[in-house]
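*Asks:* Pasting a structure here, questions to come.
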Amino acid sequence: MTFEKNSIYRTLLLILVGAGLIFMAACNEEPESTEESGSTPVIDTTESEPVEPEPTETQVIYPQSEEDITFLTIAIDAPSRNRDFAAIDDFGRVQGFDPDLMADIAAQTGIEIEFVVTNYEGMLDSVAQGEFDAAISELIIPEASPPGIAFTDPYLSVGQVLVVRANDAAVSSPADLGTGSKIGVERASAGEKTARDVIQINEDRLVRYSSSVDALQGLIDREVDGAIIDNDDAGQYVNNYYQQLRIAGESGAPWLASRQYGIAVANGNEVLLDTLNSAISQARSDGTVDRLSRAWLTPQDRLVAGESLIGTLDREFVVGMVVNEQINMDPSGGPNAISWELKTNTMSGLVGFSADNELIPLLAESLPTVSADGTQYVFQLRPDLVFPDGSELTAEDVRFSILRSSSSGNFLVNTFLRDANIDGFADEDSVEILDSLTIRINLDEAASHFLSVLATPPFFIVSDECYPLEPAPDSVCGGIGPYLIQDWEDGDQIRLKANPQWPGMQPVFENIQIRLYTSSEQMRSSLEGGAIDVAWLGLAEEDLISLRETEGYRTWEGPAAFKSYLVFEHSQPPWDNALVRQAAGLAVDRNALANVFPGTRKPLFSPIPNTVPGYVAAEPDRDLTEAIRLLNAAGFNEETPLPITLDYTNDNRYSTYEEEYATLLAAQLEETGIFDVTLNGAPYDTFRAQSATCGSGAFLLGWPPSGQPPNYIDPAHWMYYFVFNTSSVCSNYENTAMSAAISQLENLDPTNMSGREARWSEIQEIWAESYPTLDLTQEIRIALSLDKVSELKIDALGILRFETLEK
């Protein structure tokens, strides 16, 4: 965009065929000279110099005072060799650094100017002869001015510098680079001339790129060991990418070569020269030259920065994760560990769970008013909350968000919300607006755990001005969460900034960076190099084991987000006998089973992990004597053993230790001297085809399904599937006491936490007697950090809560 202040300037295109002034593009290479001190080498980058003016007898009368200068004709070559200095726009106007600088000078002095587009060749001759008052056309000030020409003080000085990687601290000049090192330069640039002619880099060590930005990218990507580019470009990119790049010798280092740009006037035109010099001085001191340089001359292309080469910053916390599938940032998407993690840290719903797993109101002012029949929930929204797009939170956003998840087919929403026409989708009136800040949610039937479900991503509230109705998995709109999505670069780096609108716990760290990797090996390397503060999702077990006891690292254990259990087919002998099931429960040694997995599993004595609110250790410790007594009571003994088959997966679906795990389980059962176990391992597809058709009497499974986080924080998630879907589980479990206890639970007010926990305690006791499943081990979530990390919390969904991070 052409810069104009209070005065205007005009452009005159003069096209004279055959001779004189011709509007044309000049050569691509730009000349270069030294600074005034002459302390840095001059690099000639031009193919030809302007023709020196020939002597003329014409007498030119120059102004005697500044008041005499009211109008100037300025010669300019447009497009210039570097089009950012001068070019012609679609409307025939000159634009670029040089025209904008002259516009500033015109505004300062009150002089009207007219540009005359002319050829670079002969331009100075025309100025010397008085055809033009001055010329500005990317003119480099030479050591000796041509006859008849005087140059102003430089309005722009550009030098060549060496840029190296940020961790190459020993490199302060090109001499510090090894003889086999590669140097990146922009093709046909001053940087190439400097590398070749001043530093005398051999041809086989030069790597030419199409731009200085590409040369810097090559440096980051380790294609070269250094890059020689303009100092302004280097300064901007080193400032923006200081964790990856630095200028050799730092900012005070002398330039390897330099050039200075000036305005040409006729020799003897002292008043004009002084006027221009004064204006140039003002433009440099008030920041105009710097601003125009950034606008026109400094590249704006972004680099793929990669990770820090100098460790993480004190003011930023960096989290590493391994991504093996597409991240879905649409709240209506299904459960996925990384996607739910990012959504939970950048969005929220009416209610949520704190990092300590306490149910709290978030976008709602308080927990809801619930109708007597448990099917209607009325929420009052917090006033004055604003989404990242600037729109205010209203009841309309709540209705839009929840029904949007329903129309996308989200099962958590459609399972609970009213569906009078039984079409599998929530009715339009399942979410009702009572006023701009009051909303009512209508359920099909009472569900005492609905508030836990409401705290999950499918119920997160987003702006109806930012999200479309259709799914938007690549959206970076976010919602009202602990953090705002500030930047998402090239799929491997996400930058978050603390959200001042967040009504929950205020984040400790203002800035969070997430580094996304394709392998555990990459993430481990980054942790070892100090480029991330914590290695989180996707750290391979072998990497965890090898580093967790190493000095300089710290292990953080979170709640379990997965359990392993044994399913019995209750309609088939011997598992139709409760005594046999109870004997199996007493024969297993859960601690020994957990030890099969090096530090990643713990024993489980309940159908729910021990960090889920409502947990009770209802299932007993190992007691072989009691197990044998129960088997004897059921009619089995050493003379009349009990043959059973135990099916399991052997394709590493749940872990690499499944065969060892199943073998130990079988051995524990056989220690009774009565159970006679046949192990049957198979790939999951083969295994599940048999177990899902009730072809297995007893089989090992895991919950939730592999790769998924728990659907919600409530005992119901860990238990209801095995009570209400027994035909699909193929346990064929039925128990009237269990059904009655759950019915009583569902009739409780969902906000009556103590009453619900008492009911859950009773349900777990019934579970330990009837064994819908025999629960064995729970897999904990583990994060591995640098020693300097001092606080880190993982919630009961297995989600790292970024607002708690400290170092």
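Labels used: A, B, ... for chains in the order of the structure tokens, numbers from 1 for residues in each chain, and numbers from 1 for ligands as shown.
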Name all residues at most 12 Å from stretch 277-291 of chain A (count only C-alpha atoms; drop same-chain ones fewer than 6 positions away) and give them as number ranges by chain.
*Replies:* A: 3, 5, 66, 97-98, 100-111, 150-158, 232, 236, 261-265, 270-271, 297-298
*Asks:* Okay, now the selection with C-alpha atoms, as a PDB file, in the first residue's frame?
*Replies:*
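The result, stored in out_22.pdb:
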```pdb
ATOM      1  CA  PHE A   3       2.016   5.602   2.079  1.00  0.00           C
ATOM      2  CA  LYS A   5       0.590  11.880   4.503  1.00  0.00           C
ATOM      3  CA  GLU A  66      14.213  26.084   1.088  1.00  0.00           C
ATOM      4  CA  PHE A  97       9.730   1.625  -0.096  1.00  0.00           C
ATOM      5  CA  ASP A  98      11.242   4.476  -2.154  1.00  0.00           C
ATOM      6  CA  ASP A 100       6.668   5.886   0.453  1.00  0.00           C
ATOM      7  CA  LEU A 101       9.871   7.432   1.787  1.00  0.00           C
ATOM      8  CA  MET A 102       9.524  10.325  -0.680  1.00  0.00           C
ATOM      9  CA  ALA A 103       5.883  10.727   0.392  1.00  0.00           C
ATOM     10  CA  ASP A 104       7.080  11.117   3.972  1.00  0.00           C
ATOM     11  CA  ILE A 105       9.679  13.680   2.886  1.00  0.00           C
ATOM     12  CA  ALA A 106       6.999  15.561   0.961  1.00  0.00           C
ATOM     13  CA  ALA A 107       4.760  15.589   4.022  1.00  0.00           C
ATOM     14  CA  GLN A 108       7.603  16.882   6.206  1.00  0.00           C
ATOM     15  CA  THR A 109       8.692  19.656   3.870  1.00  0.00           C
ATOM     16  CA  GLY A 110       5.413  20.642   2.215  1.00  0.00           C
ATOM     17  CA  ILE A 111       7.010  20.109  -1.197  1.00  0.00           C
ATOM     18  CA  ALA A 150      25.895  14.329  -5.191  1.00  0.00           C
ATOM     19  CA  PHE A 151      24.255  11.781  -2.903  1.00  0.00           C
ATOM     20  CA  THR A 152      22.304  12.471   0.228  1.00  0.00           C
ATOM     21  CA  ASP A 153      23.144  10.920   3.519  1.00  0.00           C
ATOM     22  CA  PRO A 154      22.085   7.274   3.490  1.00  0.00           C
ATOM     23  CA  TYR A 155      18.420   6.720   4.225  1.00  0.00           C
ATOM     24  CA  LEU A 156      18.958   2.983   4.558  1.00  0.00           C
ATOM     25  CA  SER A 157      21.998   0.899   5.504  1.00  0.00           C
ATOM     26  CA  VAL A 158      21.994  -2.849   4.950  1.00  0.00           C
ATOM     27  CA  ASP A 232      17.303  -6.592   8.891  1.00  0.00           C
ATOM     28  CA  GLN A 236      13.484 -10.071  12.531  1.00  0.00           C
ATOM     29  CA  TYR A 261      21.063   3.714  -0.199  1.00  0.00           C
ATOM     30  CA  GLY A 262      20.712   7.421  -0.987  1.00  0.00           C
ATOM     31  CA  ILE A 263      18.935   9.974  -3.148  1.00  0.00           C
ATOM     32  CA  ALA A 264      20.867  11.476  -6.082  1.00  0.00           C
ATOM     33  CA  VAL A 265      20.765  15.216  -6.820  1.00  0.00           C
ATOM     34  CA  GLU A 270      23.228  22.336  -2.038  1.00  0.00           C
ATOM     35  CA  VAL A 271      19.913  23.671  -0.726  1.00  0.00           C
ATOM     36  CA  LEU A 297      11.641  -5.037   2.588  1.00  0.00           C
ATOM     37  CA  THR A 298      11.514  -7.579   5.423  1.00  0.00           C
TER      38      THR A 298
END
```
*Asks:* I want to know what sits within 7 Å of stretch 610-614 of chain A, based on only C-alpha atoms, with residues of the same chain fewer than 4 positions away left out; could you give that as a PyMOL selection string?
*Replies:* chain A and resi 559+713-715+757+760-761+796
*Asks:* Between atom CA of A:Gly130 and atom CA of A:Val116, measure the distance and give it in Å to one decimal.
*Replies:*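 Here the two named atoms are 13.5 Å from each other.
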*Asks:* Got a sec: who's within 7 Å of A:Gly558, counting only C-alpha atoms, leaving out chain neighbours fewer than 6 positions off, as a VMD selection string?
*Replies:* chain A and resid 780 to 782 794 to 795 798
*Asks:* Write out as a PyMOL selection string each polymer residue whose atoms come within 9 Å of A:Leu800, counting only C-alpha atoms; drop sequence neighbours fewer than 3 positions from it.
*Replies:* chain A and resi 341+345+355+536+558+783+792-795+797+803-805
*Asks:* Choose the residue, out of A:Leu484, A:Ile201, A:Ala584, A:Leu700, that has the smallest atom-to-atom separation from A:Val567; count only C-alpha atoms.
*Replies:*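 That would be A:Leu700, the residue with the smallest distance to A:Val567.
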*Asks:* Using DSSP secondary structure from the backbone, list all helix (DSSP H, G or I) positions within stretch 209-338 of chain A, as a PyMOL selection string.
*Replies:* chain A and resi 212-220+231-240+270-285+288-297+337-338
*Asks:* Measuring atom to atom with only C-alpha atoms, identify which of A:Ser65, A:Asn421, A:Thr649, A:Asn202 is nearest to A:Leu272.
*Replies:*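 Once distances to A:Leu272 are computed over only C-alpha atoms, the minimum belongs to A:Ser65.
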*Asks:* For a quick check of understanding, using only C-alpha atoms, which of A:Asp225, A:Glu639, A:Asp576, A:Asp330 has the smallest distance to A:Gly184?
*Replies:*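 That would be A:Asp225, the residue with the smallest distance to A:Gly184.
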